[in-house]
$ cat upload_15.txt   # compact mmCIF, C-alpha atoms
# COMPACT_ATOMS: atom_id res chain seq x y z
CA MET A 6 66.58 102.97 33.46
CA ASN A 7 69.95 101.22 33.42
CA LYS A 8 72.52 101.63 36.16
CA ALA A 9 75.06 103.57 34.06
CA LEU A 10 72.50 106.19 33.03
CA THR A 11 71.38 106.58 36.64
CA ILE A 12 74.95 107.25 37.75
CA VAL A 13 75.44 109.84 34.99
CA LEU A 14 72.22 111.64 35.98
CA ILE A 15 73.24 111.66 39.63
CA ILE A 16 76.60 113.21 38.73
CA ILE A 17 74.99 115.87 36.52
CA LEU A 18 72.41 116.79 39.17
CA SER A 19 75.13 116.97 41.83
CA LEU A 20 77.19 119.35 39.70
CA ILE A 21 74.13 121.53 39.09
CA ALA A 22 73.40 121.62 42.82
CA ILE A 23 77.00 122.62 43.59
CA GLY A 24 76.84 125.36 40.96
CA ILE A 25 73.59 126.75 42.33
CA GLY A 26 74.97 126.68 45.87
CA THR A 27 78.14 128.49 44.81
CA PHE A 28 76.11 131.08 42.90
CA ALA A 29 73.86 131.70 45.91
CA PHE A 30 76.80 132.10 48.28
CA LEU A 31 78.67 134.53 46.03
CA PHE A 32 75.48 136.50 45.46
CA SER A 33 74.91 136.77 49.22
CA ILE A 34 78.38 138.27 49.86
CA GLY A 35 78.10 140.75 47.00
CA LYS A 36 80.41 139.07 44.53
CA ILE A 37 77.73 138.36 41.98
CA SER A 38 74.57 139.95 40.57
CA LEU A 39 72.59 139.93 37.36
CA ASN A 40 73.84 143.10 35.75
CA ASN A 41 75.79 144.13 32.69
CA ASN A 42 79.14 143.14 34.23
CA TRP A 43 78.40 139.46 33.73
CA TYR A 44 80.83 139.19 30.86
CA ASN A 45 83.83 140.23 32.96
CA ILE A 46 85.19 136.87 34.10
CA PHE A 47 88.75 137.55 35.26
CA ASN A 48 88.22 139.60 38.46
CA ARG A 49 90.74 142.22 37.42
CA GLU A 50 91.01 145.42 39.42
CA SER A 51 89.07 148.34 38.07
CA THR A 52 91.04 151.01 36.21
CA THR A 53 88.10 153.43 35.94
CA LEU A 54 88.94 156.47 38.07
CA ILE A 55 85.67 158.01 39.25
CA GLU A 56 87.08 160.65 41.61
CA SER A 57 90.36 161.98 42.95
CA LYS A 58 90.96 164.66 45.60
CA SER A 59 94.04 166.02 47.36
CA TYR A 60 94.49 167.85 50.65
CA ASP A 61 97.41 169.57 52.34
CA LYS A 62 96.53 168.78 55.96
CA VAL A 63 94.66 165.81 57.43
CA GLU A 64 94.29 164.72 61.06
CA ASP A 65 92.55 161.31 61.08
CA ILE A 66 91.46 159.16 58.13
CA TYR A 67 88.20 157.17 57.94
CA VAL A 68 87.38 154.73 55.12
CA LYS A 69 84.15 152.79 54.68
CA SER A 70 83.37 150.41 51.81
CA ASN A 71 81.06 147.48 51.13
CA THR A 72 83.35 145.83 48.56
CA ALA A 73 86.72 147.30 47.60
CA ASP A 74 90.41 146.70 47.99
CA VAL A 75 92.03 149.48 50.03
CA TYR A 76 95.64 150.50 49.41
CA ILE A 77 97.63 152.93 51.56
CA LYS A 78 100.75 154.16 49.84
CA HIS A 79 103.46 156.74 50.44
CA ALA A 80 102.73 160.15 48.99
CA THR A 81 105.51 161.61 46.86
CA ASP A 82 104.34 165.23 47.16
CA ASN A 83 103.61 165.41 50.92
CA LYS A 84 99.88 165.72 50.19
CA PHE A 85 96.98 163.46 51.11
CA THR A 86 95.40 162.12 47.94
CA VAL A 87 92.41 159.81 47.52
CA GLU A 88 91.65 157.91 44.32
CA ILE A 89 88.50 155.82 43.86
CA TYR A 90 88.28 153.28 41.03
CA SER A 91 85.02 151.52 40.19
CA ASP A 92 83.12 150.17 37.20
CA ASN A 93 79.87 149.68 39.07
CA GLU A 94 79.69 152.45 41.65
CA LYS A 95 76.41 153.06 43.48
CA SER A 96 77.47 155.98 45.64
CA HIS A 97 80.72 157.48 46.90
CA SER A 98 82.07 160.49 48.75
CA ILE A 99 85.39 162.11 49.69
CA ASP A 100 85.04 164.80 52.35
CA LEU A 101 87.32 166.75 54.66
CA SER A 102 85.61 167.97 57.83
CA SER A 103 87.49 169.46 60.80
CA ASN A 104 90.65 168.15 59.13
CA ASP A 105 89.31 164.58 59.26
CA LEU A 106 89.30 162.83 55.89
CA LYS A 107 86.28 160.61 55.25
CA VAL A 108 86.04 158.29 52.25
CA GLU A 109 83.05 156.11 51.41
CA LEU A 110 82.32 153.79 48.49
CA GLU A 111 79.23 151.67 47.97
CA GLU A 112 79.15 149.36 44.98
CA ASN A 113 76.27 147.60 43.31
CA ASN A 114 76.65 143.83 43.43
CA HIS A 115 78.76 142.72 40.50
CA PHE A 116 78.77 139.41 38.72
CA LEU A 117 81.21 136.63 39.40
CA PHE A 118 84.79 137.69 38.54
CA GLY A 119 83.71 141.30 37.98
CA LYS A 120 86.32 144.03 38.19
CA GLN A 121 87.34 144.74 41.76
CA PRO A 122 86.85 148.36 42.93
CA ARG A 123 89.78 150.09 44.63
CA ILE A 124 90.38 152.91 47.06
CA ILE A 125 93.94 154.21 47.03
CA LEU A 126 95.15 156.57 49.76
CA TYR A 127 98.44 158.39 49.23
CA VAL A 128 99.59 159.42 52.70
CA PRO A 129 102.89 161.04 53.78
CA SER A 130 105.15 158.42 55.35
CA GLU A 131 105.56 160.41 58.60
CA PHE A 132 101.78 160.36 59.28
CA GLU A 133 101.25 159.65 62.98
CA ASN A 134 97.50 159.78 63.57
CA LYS A 135 94.65 157.29 63.11
CA ILE A 136 93.58 155.38 60.03
CA ASP A 137 90.18 153.73 60.55
CA ILE A 138 88.93 151.30 57.88
CA VAL A 139 85.62 149.41 57.78
CA ASN A 140 85.35 147.08 54.80
CA ARG A 141 82.84 144.30 54.16
CA THR A 142 84.56 142.49 51.28
CA GLY A 143 88.05 143.41 50.17
CA ASP A 144 91.72 143.35 51.09
CA ILE A 145 93.67 145.97 53.03
CA ASN A 146 97.26 146.63 51.99
CA SER A 147 99.50 149.30 53.55
CA GLU A 148 103.07 150.40 53.22
CA SER A 149 105.18 151.37 56.24
CA TYR A 150 103.84 154.06 58.62
CA GLU A 151 105.97 153.73 61.74
CA LYS A 152 104.01 156.30 63.79
CA ALA A 153 100.46 155.56 62.62
CA LYS A 154 97.65 153.89 64.53
CA PHE A 155 95.40 151.58 62.52
CA LYS A 156 91.90 150.38 63.35
CA ILE A 157 90.58 147.86 60.83
CA ASP A 158 87.31 145.94 60.67
CA VAL A 159 87.01 143.53 57.71
CA THR A 160 84.33 140.91 57.12
CA THR A 161 85.97 139.04 54.23
CA GLY A 162 89.47 139.92 53.13
CA ASP A 163 93.16 139.82 53.99
CA THR A 164 95.04 142.55 55.84
CA GLU A 165 98.70 143.12 55.00
CA ILE A 166 100.77 145.90 56.57
CA ASP A 167 104.49 146.58 56.42
CA LYS A 168 105.50 148.53 59.54
CA ILE A 169 103.28 150.55 61.91
CA ASP A 170 103.06 151.66 65.51
CA VAL A 171 99.69 150.40 66.77
CA ALA A 172 96.98 148.20 65.24
CA ASP A 173 93.53 147.09 66.39
CA ILE A 174 92.30 144.61 63.78
CA LYS A 175 89.16 142.54 63.53
CA THR A 176 88.44 140.20 60.63
CA THR A 177 85.83 137.49 60.17
CA THR A 178 87.39 135.61 57.25
CA GLY A 179 90.89 136.48 56.13
CA ASP A 180 94.55 136.46 57.10
CA ILE A 181 96.40 139.17 58.99
CA ARG A 182 100.05 139.73 58.05
CA ILE A 183 102.27 142.44 59.56
CA ASN A 184 106.02 142.75 59.23
CA THR A 185 106.83 144.99 62.21
CA ILE A 186 104.63 146.55 64.89
CA ASN A 187 104.89 147.89 68.41
CA THR A 188 101.43 147.18 69.84
CA ILE A 189 98.89 144.84 68.29
CA GLN A 190 95.42 143.70 69.24
CA ALA A 191 93.84 141.35 66.70
CA VAL A 192 90.80 139.08 66.53
CA CYS A 193 90.44 136.73 63.57
CA THR A 194 87.56 134.26 63.30
CA THR A 195 88.84 132.23 60.35
CA GLY A 196 92.36 132.92 59.17
CA ASP A 197 95.99 133.08 60.21
CA ILE A 198 97.78 135.84 62.10
CA ARG A 199 101.42 136.21 61.09
CA VAL A 200 103.70 138.90 62.52
CA GLY A 201 107.39 139.43 61.97
CA ASN A 202 108.41 141.60 64.92
CA ILE A 203 106.40 142.80 67.92
CA ASN A 204 108.24 145.39 69.98
CA TYR A 205 105.91 146.24 72.85
CA SER A 206 102.68 144.33 73.50
CA LEU A 207 100.24 141.84 71.99
CA ASP A 208 96.73 140.46 72.40
CA LEU A 209 95.90 137.94 69.67
CA LYS A 210 92.92 135.65 69.20
CA THR A 211 91.76 133.31 66.44
CA THR A 212 88.95 130.79 66.30
CA THR A 213 90.30 128.75 63.39
CA GLY A 214 93.81 129.59 62.28
CA ASP A 215 97.48 129.62 63.20
CA ILE A 216 99.32 132.37 65.03
CA ARG A 217 102.98 132.74 64.07
CA ILE A 218 105.43 135.35 65.36
CA GLU A 219 109.09 135.63 64.41
CA THR A 220 110.28 137.84 67.28
CA ALA A 221 108.42 139.24 70.29
CA ASP A 222 110.19 141.69 72.58
CA LEU A 223 107.42 142.40 75.08
CA LYS A 224 107.31 145.31 77.53
CA GLU A 225 103.86 144.35 78.84
CA SER A 226 102.19 141.03 79.65
CA GLY A 227 100.27 139.55 76.75
CA ASN A 228 97.69 136.98 75.68
CA ILE A 229 97.39 134.58 72.76
CA GLN A 230 94.38 132.35 72.22
CA THR A 231 93.22 130.04 69.45
CA THR A 232 90.52 127.39 69.37
CA THR A 233 91.81 125.35 66.44
CA GLY A 234 95.33 126.14 65.28
CA ASP A 235 98.98 126.21 66.20
CA VAL A 236 100.88 128.94 68.04
CA LYS A 237 104.55 129.41 67.21
CA ILE A 238 106.95 132.10 68.46
CA ASN A 239 110.51 131.74 67.22
CA THR A 240 112.16 134.25 69.56
CA LEU A 241 110.78 135.68 72.82
CA ASN A 242 112.46 137.86 75.44
CA GLU A 243 112.56 136.74 79.08
CA VAL A 244 108.83 136.63 79.70
CA TYR A 245 107.26 133.89 81.79
CA VAL A 246 105.10 131.73 79.48
CA GLU A 247 101.88 130.18 80.82
CA THR A 248 100.27 127.60 78.56
CA GLU A 249 96.93 125.82 78.32
CA SER A 250 96.33 123.09 75.75
CA LYS A 251 93.68 120.38 75.59
CA THR A 252 94.87 118.59 72.46
CA GLY A 253 98.35 119.20 71.10
CA ASP A 254 102.04 119.30 71.91
CA VAL A 255 103.55 122.05 74.07
CA ARG A 256 107.23 123.00 73.85
CA VAL A 257 108.52 126.13 75.55
CA ASN A 258 112.24 126.96 75.44
CA ASN A 259 112.28 130.19 77.41
CA LYS A 260 114.64 131.25 80.21
CA ALA A 261 112.17 133.35 82.22
CA ASP A 262 110.84 131.90 85.47
CA ARG A 263 107.70 132.55 87.50
CA MET A 264 109.37 135.53 89.19
CA SER A 265 109.40 137.47 85.93
CA GLU A 266 107.37 140.69 86.08
CA LEU A 267 105.95 139.96 82.63
CA SER A 268 103.96 136.96 81.45
CA LEU A 269 102.56 135.63 78.20
CA HIS A 270 99.45 133.46 78.49
CA ILE A 271 98.94 131.09 75.55
CA LYS A 272 95.73 129.07 75.37
CA VAL A 273 95.04 126.51 72.63
CA THR A 274 92.11 124.11 72.49
CA THR A 275 93.28 121.98 69.56
CA GLY A 276 96.79 122.63 68.30
CA ASP A 277 100.47 122.81 69.16
CA ILE A 278 102.34 125.46 71.12
CA LYS A 279 106.00 126.12 70.36
CA VAL A 280 108.01 128.96 71.87
CA GLY A 281 111.72 129.34 71.16

$ encode --input "upload_15.txt" --output "C-alpha cells"
Amino acid sequence: MNKALTIVLIIILSLIAIGIGTFAFLFSIGKISLNNNWYNIFNRESTTLIESKSYDKVEDIYVKSNTADVYIKHATDNKFTVEIYSDNEKSHSIDLSSNDLKVELEENNHFLFGKQPRIILYVPSEFENKIDIVNRTGDINSESYEKAKFKIDVTTGDTEIDKIDVADIKTTTGDIRINTINTIQAVCTTGDIRVGNINYSLDLKTTTGDIRIETADLKESGNIQTTTGDVKINTLNEVYVETESKTGDVRVNNKADRMSELSLHIKVTTGDIKVG
C-alpha cells in the first residue's frame, strides 16, 4: 500500500471515529435517538402545543423537565398560564395543588437537531413568590420579576434573567446572565457568570469560567471563587476586598480599608482579578 493511500485511509477512519464519538455523546445527553424525528435537522423550537392551562391564583411555581427550553414571560391578563410545546412528548402534567403550580415534561430522546420542546409560563409581573426549575438539558429565559425568588438547577443549558429579587442557581454546563438582582447565590461548573447590578449580597463560584459584574453595591459580606477564570468587577462600593491568587494578576482599586464592616473575599487559582 502506497504512502498516499495510507494517509487517506487514516484521515477517513479518523473522521468516522469522530462522528461515532459525537453521536454517542449526543445520544447520552438526550439530544439524539433513532426515532422518526431523524429528518428534522435544524433544531428549531417545537410549535406543537400539546396542552395549555390557566389559573387565577398561584402561590409557588415548580417546573421539572428532562429536555426543554423554559420561558417565563409577563402575563397580559393577570392570569397564570402554562403552555407546553413538544413533537416527541413521553409524558407531561400541569397541576395546581394547594395553590402551588407544578409543571412536568418528559421527552423521548430525539435525533440530532430535532425540534426543541418548550415550556412557556405567563406570570403576572408583580409575582413575589418562588419559581423552582429543575431542567436536565435546556435553557432558562425570564423577563423581569423584581419581587420573585428563583431557584434553578440546570445540567446543560444557559440561564438568562432580566431583573429579579433573589436567585439560587446551579448549573453544570452553561452560562448564567442576569441584568439586575438583589441577592444571588450561584454555582457554575463550566460556564461564565455575568451580572449587571447586584444590590445586596453575592456568593458566586465557578470551576471553569469567568465572573464579571458591572456594579456591586453590597450590604453584606460576600464571596467569589473560581478555579480557572478571571474575576472582574467594574464598580464596587466601599467594601474591603481580600484576594487570593496562585497564577494571575491582581489589581484592586477600592477605597475601603481593613476597618470596613463588610468584606468581599475573591479567590482565583488560575486567572486575573480586577476590581474597579

$ residues_around --input "upload_15.txt" --residues "region 51-54 of chain A" --least-positions-apart "2" --cutoff "10 Å" --atoms "all atoms listed in the file" --output "list in words"
Asn48, Arg49, Glu56, Ser57, Ala73, Glu88, Ile89, Tyr90, Ser91, Asp92, Asn93, Gly119, Lys120, Gln121, Pro122, Arg123 and Ile124 of chain A

$ residues_around --input "upload_15.txt" --residues "Lys260 (chain A)" --least-positions-apart "5" --cutoff "12 Å" --atoms "only C-alpha atoms" --output "list in words"
Thr240, Leu241, Asn242, Glu243, Val244, Tyr245, Val246, Ser265, Val280 and Gly281 of chain A

$ residues_around --input "upload_15.txt" --residues "region 163-173 of chain A" --least-positions-apart "4" --cutoff "8 Å" --atoms "all atoms listed in the file" --output "number ranges by chain"
A: 143-157, 178-191

$ atom_distance --input "upload_15.txt" --atom1 "CA of Asp65 (chain A)" --atom2 "CA of Lys135 (chain A)"
5.0 Å

$ residues_around --input "upload_15.txt" --residues "Arg141 (chain A)" --least-positions-apart "4" --cutoff "10 Å" --atoms "all atoms listed in the file" --output "PyMOL selection string"
chain A and resi 34-35+69-73+158-162+176-177

$ atom_distance --input "upload_15.txt" --atom1 "CA of Ile203 (chain A)" --atom2 "CA of Ile218 (chain A)"
7.9 Å

$ closest_residue --input "upload_15.txt" --among "A:Thr142, A:Ser130, A:Thr275, A:Asn228" --to "Ser206 (chain A)" --atoms "only C-alpha atoms"
A:Asn228

$ closest_atom_pairs --input "upload_15.txt" --of "region 208-265 of chain A" --to "region 269-273 of chain A" --cutoff "6 Å" --atoms "only C-alpha atoms" --output "tab-separated table"
residue	atom	partner	partner_atom	distance
A:Ser226	CA	A:Leu269	CA	5.6
A:Gly227	CA	A:Leu269	CA	4.8
A:Asn228	CA	A:His270	CA	4.8
A:Ile229	CA	A:Ile271	CA	4.7
A:Gln230	CA	A:Lys272	CA	4.7
A:Thr231	CA	A:Val273	CA	5.1
A:Thr232	CA	A:Val273	CA	5.6
A:Val246	CA	A:Leu269	CA	4.8
A:Glu247	CA	A:His270	CA	4.7
A:Thr248	CA	A:Ile271	CA	4.8
A:Glu249	CA	A:Lys272	CA	4.6
A:Ser250	CA	A:Val273	CA	4.8

$ closest_residue --input "upload_15.txt" --among "A:Arg256, A:Lys279, A:Arg263, A:Lys251" --to "Asp215 (chain A)" --atoms "all atoms listed in the file"
A:Lys279

$ atom_distance --input "upload_15.txt" --atom1 "CA of Glu111 (chain A)" --atom2 "CA of Val68 (chain A)"
11.3 Å

$ closest_residue --input "upload_15.txt" --among "A:Leu101, A:Val255, A:Ile198, A:Ile66" --to "Ile138 (chain A)" --atoms "all atoms listed in the file"
A:Ile66

$ residues_around --input "upload_15.txt" --residues "Thr213 (chain A)" --least-positions-apart "3" --cutoff "7 Å" --atoms "only C-alpha atoms" --output "MDAnalysis selection string"
chainID A and resid 194:196 231:234

$ decode --input "upload_15.txt" --residues "region 87-111 of chain A" --atoms "N, CA and C atoms" --output "PDB file, in the first residue's frame"
ATOM      1  N   VAL A  87     -49.861  28.262  31.496  1.00  0.00           N
ATOM      2  CA  VAL A  87     -48.773  27.352  31.124  1.00  0.00           C
ATOM      3  C   VAL A  87     -49.057  26.795  29.745  1.00  0.00           C
ATOM      4  N   GLU A  88     -48.053  26.857  28.870  1.00  0.00           N
ATOM      5  CA  GLU A  88     -48.138  26.247  27.551  1.00  0.00           C
ATOM      6  C   GLU A  88     -46.973  25.280  27.383  1.00  0.00           C
ATOM      7  N   ILE A  89     -47.284  24.066  26.929  1.00  0.00           N
ATOM      8  CA  ILE A  89     -46.245  23.065  26.671  1.00  0.00           C
ATOM      9  C   ILE A  89     -46.242  22.731  25.191  1.00  0.00           C
ATOM     10  N   TYR A  90     -45.072  22.843  24.571  1.00  0.00           N
ATOM     11  CA  TYR A  90     -44.899  22.533  23.158  1.00  0.00           C
ATOM     12  C   TYR A  90     -43.927  21.362  23.023  1.00  0.00           C
ATOM     13  N   SER A  91     -44.327  20.350  22.258  1.00  0.00           N
ATOM     14  CA  SER A  91     -43.449  19.197  22.064  1.00  0.00           C
ATOM     15  C   SER A  91     -43.897  18.384  20.855  1.00  0.00           C
ATOM     16  N   ASP A  92     -42.918  17.890  20.102  1.00  0.00           N
ATOM     17  CA  ASP A  92     -43.204  16.988  18.987  1.00  0.00           C
ATOM     18  C   ASP A  92     -42.937  15.532  19.352  1.00  0.00           C
ATOM     19  N   ASN A  93     -42.377  15.310  20.527  1.00  0.00           N
ATOM     20  CA  ASN A  93     -41.955  13.949  20.871  1.00  0.00           C
ATOM     21  C   ASN A  93     -42.152  13.700  22.365  1.00  0.00           C
ATOM     22  N   GLU A  94     -43.308  14.107  22.857  1.00  0.00           N
ATOM     23  CA  GLU A  94     -43.589  14.052  24.282  1.00  0.00           C
ATOM     24  C   GLU A  94     -43.790  12.617  24.765  1.00  0.00           C
ATOM     25  N   LYS A  95     -43.202  12.299  25.891  1.00  0.00           N
ATOM     26  CA  LYS A  95     -43.376  10.990  26.528  1.00  0.00           C
ATOM     27  C   LYS A  95     -44.436  11.062  27.610  1.00  0.00           C
ATOM     28  N   SER A  96     -44.329  12.043  28.479  1.00  0.00           N
ATOM     29  CA  SER A  96     -45.357  12.287  29.489  1.00  0.00           C
ATOM     30  C   SER A  96     -45.273  13.735  29.929  1.00  0.00           C
ATOM     31  N   HIS A  97     -46.402  14.287  30.378  1.00  0.00           N
ATOM     32  CA  HIS A  97     -46.409  15.652  30.868  1.00  0.00           C
ATOM     33  C   HIS A  97     -47.579  15.835  31.833  1.00  0.00           C
ATOM     34  N   SER A  98     -47.502  16.900  32.634  1.00  0.00           N
ATOM     35  CA  SER A  98     -48.592  17.203  33.551  1.00  0.00           C
ATOM     36  C   SER A  98     -48.545  18.678  33.934  1.00  0.00           C
ATOM     37  N   ILE A  99     -49.719  19.253  34.143  1.00  0.00           N
ATOM     38  CA  ILE A  99     -49.879  20.609  34.671  1.00  0.00           C
ATOM     39  C   ILE A  99     -50.919  20.514  35.776  1.00  0.00           C
ATOM     40  N   ASP A 100     -50.505  20.741  37.013  1.00  0.00           N
ATOM     41  CA  ASP A 100     -51.407  20.555  38.152  1.00  0.00           C
ATOM     42  C   ASP A 100     -51.315  21.733  39.101  1.00  0.00           C
ATOM     43  N   LEU A 101     -52.432  22.059  39.721  1.00  0.00           N
ATOM     44  CA  LEU A 101     -52.474  23.070  40.771  1.00  0.00           C
ATOM     45  C   LEU A 101     -52.953  22.392  42.044  1.00  0.00           C
ATOM     46  N   SER A 102     -52.077  22.361  43.056  1.00  0.00           N
ATOM     47  CA  SER A 102     -52.395  21.710  44.325  1.00  0.00           C
ATOM     48  C   SER A 102     -52.024  22.638  45.460  1.00  0.00           C
ATOM     49  N   SER A 103     -52.980  22.954  46.316  1.00  0.00           N
ATOM     50  CA  SER A 103     -52.780  23.899  47.424  1.00  0.00           C
ATOM     51  C   SER A 103     -52.204  25.209  46.917  1.00  0.00           C
ATOM     52  N   ASN A 104     -52.689  25.622  45.769  1.00  0.00           N
ATOM     53  CA  ASN A 104     -52.276  26.864  45.092  1.00  0.00           C
ATOM     54  C   ASN A 104     -50.835  26.841  44.596  1.00  0.00           C
ATOM     55  N   ASP A 105     -50.183  25.683  44.643  1.00  0.00           N
ATOM     56  CA  ASP A 105     -48.852  25.534  44.043  1.00  0.00           C
ATOM     57  C   ASP A 105     -48.996  24.951  42.643  1.00  0.00           C
ATOM     58  N   LEU A 106     -48.376  25.598  41.670  1.00  0.00           N
ATOM     59  CA  LEU A 106     -48.446  25.155  40.285  1.00  0.00           C
ATOM     60  C   LEU A 106     -47.264  24.246  39.986  1.00  0.00           C
ATOM     61  N   LYS A 107     -47.548  23.039  39.492  1.00  0.00           N
ATOM     62  CA  LYS A 107     -46.499  22.079  39.188  1.00  0.00           C
ATOM     63  C   LYS A 107     -46.600  21.647  37.728  1.00  0.00           C
ATOM     64  N   VAL A 108     -45.473  21.824  37.021  1.00  0.00           N
ATOM     65  CA  VAL A 108     -45.423  21.514  35.594  1.00  0.00           C
ATOM     66  C   VAL A 108     -44.302  20.513  35.350  1.00  0.00           C
ATOM     67  N   GLU A 109     -44.607  19.439  34.633  1.00  0.00           N
ATOM     68  CA  GLU A 109     -43.588  18.441  34.314  1.00  0.00           C
ATOM     69  C   GLU A 109     -43.690  18.048  32.847  1.00  0.00           C
ATOM     70  N   LEU A 110     -42.521  17.870  32.230  1.00  0.00           N
ATOM     71  CA  LEU A 110     -42.452  17.403  30.843  1.00  0.00           C
ATOM     72  C   LEU A 110     -41.295  16.438  30.698  1.00  0.00           C
ATOM     73  N   GLU A 111     -41.603  15.239  30.225  1.00  0.00           N
ATOM     74  CA  GLU A 111     -40.562  14.269  29.900  1.00  0.00           C
ATOM     75  C   GLU A 111     -40.659  13.953  28.420  1.00  0.00           C
TER      76      GLU A 111
END
